[in-house]
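A short worksheet on the structure shown next.
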Amino acid sequence: MNNKLNLKVKVKNFGPVSKGEVIIKPLTIFIGPNNSGKSYISTLIHSIIKNLEESRFEFRLNNIDIIHKYLSELQNIVGNIENGKVVEIPQTFIRKLAKEVYKKVYEENLGKEIQSYYACSLKDLAKIGENSFDLEINYESDDIFLKLKDNELKIQKSPKIDENLKLIVKFEIANFPSSPNVQPIGRGKVLVRLSKKSEIQEALIYLIFDIVDSLLQRLLKSLIIINSYYLPASRSGIIQIYKILLASILKEKFTLEAITSRERPIPKTIHDFLLPLIYIDTYKEIKSPTYNIAVEFEKEIISGEIKLEKFYLPEIVYNFENTQIPLHRASSTISELAPLFIYLKYIVRLPGILIIEEPEAHLHPLNQSKLAKLLVKLVRSGLYLIITTHSEYLLGQINNSISLSKIPENLRKEKYRSEDYLNIDEVSAYVFEYDEKSKGYII
């Protein structure tokens with residue numbers, strides 16, 4: 001995989017789950033009875049990835065509070081500005097700043113994101129009979145432990161800061177009429193260029209802003225941006241009435257800010273699911289990397305194709321033998337698969353992770369086996385997948401795909417392509433089992 005996702009999530013007393021740990025692989029499978037917590041954990045993973053993605057860009061716009069908090073301290077470190085002066089930002093200052101970054105990303109932002117995706121307060125997510133839950137996240141080089149306290153996430157253990165992390169600042173005063181700017185000149189080194197005509201106080205403010213911004217980016221450098229997509233179990237019903245839902249959203253406030261606001265009466269997973277449909281023309285300008293795979297399996301599974309016709313809002317239709325059939329007149333199989341094919345053809349981007357709840361719903365056993373082959377090809381394309389399932393047919397075909405990897409390559413090439421099989425280390429499967437002692441499910 002070109003863009004490896006290193007993510008491990010561990011929970012205690014979260015929703016129906018008493019305890020459990022999940023390590024994300026290219027194909028991650030959740031198996032268990034209804035109401036055992038599979039969707040809870042899937043949504044949690046989605047919210048963690050979305051929060052990291054949004055926090056990285058948010059810091060570019062919303063780091064004023066951190067700048068003001070450390071303004072005077074950084075001014076003392078810098079001192080007087082002279083041409084050619086070199087200053088090393090102390091490790092102690094970077095550590096304090098790092099704690100501010102992690103606090104904002106994991107306590108403040110993640111707390112709001114989780115509430116938004118579950119459309120409830122954090123305390124409502126604690127297991128029945130408990131008043132708190134634990135959440136441990138290991139993402140890339142970061143290992144952070146959070147606990148719910150007074151309806152807020154609080155950091156119990158912060159990630160370790162690189163002992164060698166430092167920033168060397170060199171000043172250059174030149175005669176040009178522009179604002180101060182910061183330019184990287186090597187690993188851990190930046191050049192700060194100032195104008196002789198700049199007022200000293202103004203120069204320091206610009207300087208500090210740029211240095212803090214540079215430090216924030218450096219601290220967040222390991223956060224690989226992974227696009228996360230979520231197809232909820234209710235997708236077929238939502239897709240039947242999506243125009244009503246979208247019209248309601250657009251009627252209330254026709255702004256992107258209103259649509260993507262963290263404060264909403266329905267789970268953010270539904271908004272995330274619907275939002276691309278509003279801008280489908282923009283998405284359709286560039287085909288998804290999984291477009292051809294989707295088209296191949298459209299023909300194989302539904303003997304037609306899912307099309308999008310754009311009027312005031314996009315119209316989703318099933319095209320069968322040159323006849324366009326509205327989804328409400330199509331079979332439940334087609335309604336169920338329509339969102340998946342739309343996403344795979346137009347919306348999914350790499351690197352990405354696609355979370356699908358019960359992909360086998362309303363599918364004949366033969367089509368469930370075909371769907372499993374589609375999932376394998378998607379993994380081979382570089383897309384990460386998380387699925388929740390109750391289907392033995394789906395799991396059986398995935399087992400077959402794993403078995404193919406054990407056949408000697410020279411024999412396998414005669415009948416199968418590389419996208420037909422999975423290596424065992426590309427798959428992680430988790431069973432959610434009820435534990436009588438804790439009165440909850442253990443992963």
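Identifiers for the structure tokens are assigned positionally: chains receive A, B, ... in sequence, residues are indexed from 1 per chain, and ligands are indexed from 1 in the order shown.
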
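The environment of Glu436 in chain A within 12 Å, counting only C-alpha atoms and disregarding residues fewer than 5 places along the same chain, consists of A:Ser18, A:Tyr441, A:Ile442.
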
Contacts of His364 in chain A at 10 Å or less, counting only C-alpha atoms, minus same-chain residues fewer than 6 places along, as a PyMOL selection string?
chain A and resi 301+333+370+393

Within 9 Å of Asn34 in chain A, counting only C-alpha atoms, which residues qualify if same-chain residues fewer than 3 places away don't, as a VMD selection string?
chain A and resid 37 to 38 390

Strand (DSSP E or B) call set, DSSP backbone run, range 43-114 of chain A, as a PyMOL selection string:
chain A and resi 86-89

Interatomic distance between CA of Glu100 in chain A and CA of Lys50 in chain A?
->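 Computing it gives 19.8 Å between the two atoms.
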
Inset, instruction - List the neighbours of Pro289 in chain A out to 9 Å using only C-alpha atoms; skip same-chain residues closer than 3 positions along the sequence, and give me the result as a PyMOL selection string. - result: chain A and resi 292-293+344-346+348-350+381

Please produce an output containing all heavy atoms for each residue in the selection, written as an mmCIF file, in the first residue's frame.
data_model
loop_
_atom_site.group_PDB
_atom_site.id
_atom_site.type_symbol
_atom_site.label_atom_id
_atom_site.label_comp_id
_atom_site.auth_asym_id
_atom_site.auth_seq_id
_atom_site.Cartn_x
_atom_site.Cartn_y
_atom_site.Cartn_z
ATOM 1 N N ASN A 292 -13.481 2.373 -12.571
ATOM 2 C CA ASN A 292 -13.561 1.210 -13.468
ATOM 3 C C ASN A 292 -13.967 -0.060 -12.727
ATOM 4 O O ASN A 292 -14.688 -0.907 -13.277
ATOM 5 C CB ASN A 292 -12.221 1.000 -14.178
ATOM 6 C CG ASN A 292 -11.925 2.105 -15.192
ATOM 7 O OD1 ASN A 292 -12.846 2.715 -15.736
ATOM 8 N ND2 ASN A 292 -10.653 2.372 -15.426
ATOM 9 N N ILE A 293 -13.507 -0.206 -11.487
ATOM 10 C CA ILE A 293 -13.901 -1.369 -10.686
ATOM 11 C C ILE A 293 -15.409 -1.333 -10.443
ATOM 12 O O ILE A 293 -16.099 -2.354 -10.557
ATOM 13 C CB ILE A 293 -13.140 -1.390 -9.346
ATOM 14 C CG1 ILE A 293 -11.636 -1.515 -9.584
ATOM 15 C CG2 ILE A 293 -13.633 -2.544 -8.466
ATOM 16 C CD1 ILE A 293 -10.800 -1.403 -8.320
ATOM 17 N N LEU A 344 -18.104 4.995 -5.291
ATOM 18 C CA LEU A 344 -16.934 4.403 -5.940
ATOM 19 C C LEU A 344 -16.654 5.025 -7.299
ATOM 20 O O LEU A 344 -15.498 5.084 -7.739
ATOM 21 C CB LEU A 344 -17.134 2.886 -6.096
ATOM 22 C CG LEU A 344 -17.170 2.071 -4.804
ATOM 23 C CD1 LEU A 344 -17.403 0.601 -5.105
ATOM 24 C CD2 LEU A 344 -15.891 2.259 -3.990
ATOM 25 N N LYS A 345 -17.681 5.517 -7.983
ATOM 26 C CA LYS A 345 -17.474 6.097 -9.309
ATOM 27 C C LYS A 345 -17.101 7.576 -9.262
ATOM 28 O O LYS A 345 -16.316 8.048 -10.093
ATOM 29 C CB LYS A 345 -18.731 5.911 -10.168
ATOM 30 C CG LYS A 345 -18.976 4.462 -10.575
ATOM 31 C CD LYS A 345 -19.894 4.339 -11.772
ATOM 32 C CE LYS A 345 -21.292 4.796 -11.488
ATOM 33 N NZ LYS A 345 -22.210 4.559 -12.634
ATOM 34 N N TYR A 346 -17.657 8.305 -8.308
ATOM 35 C CA TYR A 346 -17.521 9.759 -8.360
ATOM 36 C C TYR A 346 -16.905 10.416 -7.126
ATOM 37 O O TYR A 346 -16.365 11.521 -7.242
ATOM 38 C CB TYR A 346 -18.903 10.389 -8.588
ATOM 39 C CG TYR A 346 -19.634 9.869 -9.779
ATOM 40 C CD1 TYR A 346 -20.856 9.228 -9.641
ATOM 41 C CD2 TYR A 346 -19.103 10.000 -11.069
ATOM 42 C CE1 TYR A 346 -21.537 8.734 -10.742
ATOM 43 C CE2 TYR A 346 -19.772 9.511 -12.173
ATOM 44 C CZ TYR A 346 -20.995 8.874 -12.004
ATOM 45 O OH TYR A 346 -21.664 8.388 -13.084
ATOM 46 N N VAL A 348 -15.134 8.810 -3.998
ATOM 47 C CA VAL A 348 -13.968 8.288 -3.272
ATOM 48 C C VAL A 348 -12.667 8.793 -3.888
ATOM 49 O O VAL A 348 -12.492 8.782 -5.107
ATOM 50 C CB VAL A 348 -13.982 6.749 -3.277
ATOM 51 C CG1 VAL A 348 -12.640 6.190 -2.833
ATOM 52 C CG2 VAL A 348 -15.099 6.232 -2.372
ATOM 53 N N ARG A 349 -11.770 9.254 -3.021
ATOM 54 C CA ARG A 349 -10.433 9.686 -3.422
ATOM 55 C C ARG A 349 -9.405 8.954 -2.568
ATOM 56 O O ARG A 349 -9.665 8.601 -1.427
ATOM 57 C CB ARG A 349 -10.271 11.196 -3.237
ATOM 58 C CG ARG A 349 -11.210 12.045 -4.115
ATOM 59 C CD ARG A 349 -10.835 11.986 -5.585
ATOM 60 N NE ARG A 349 -11.679 12.838 -6.404
ATOM 61 C CZ ARG A 349 -12.754 12.430 -7.073
ATOM 62 N NH1 ARG A 349 -13.130 11.151 -6.986
ATOM 63 N NH2 ARG A 349 -13.457 13.266 -7.820
ATOM 64 N N LEU A 350 -8.224 8.745 -3.127
ATOM 65 C CA LEU A 350 -7.140 8.074 -2.407
ATOM 66 C C LEU A 350 -6.097 9.089 -1.980
ATOM 67 O O LEU A 350 -5.878 10.076 -2.685
ATOM 68 C CB LEU A 350 -6.503 7.002 -3.291
ATOM 69 C CG LEU A 350 -7.412 5.856 -3.734
ATOM 70 C CD1 LEU A 350 -6.638 4.897 -4.641
ATOM 71 C CD2 LEU A 350 -7.993 5.115 -2.544
ATOM 72 N N SER A 381 -6.798 -1.895 -4.982
ATOM 73 C CA SER A 381 -6.655 -0.573 -5.604
ATOM 74 C C SER A 381 -6.009 0.437 -4.668
ATOM 75 O O SER A 381 -5.616 1.522 -5.099
ATOM 76 C CB SER A 381 -8.023 -0.054 -6.061
ATOM 77 O OG SER A 381 -8.801 0.383 -4.951
#
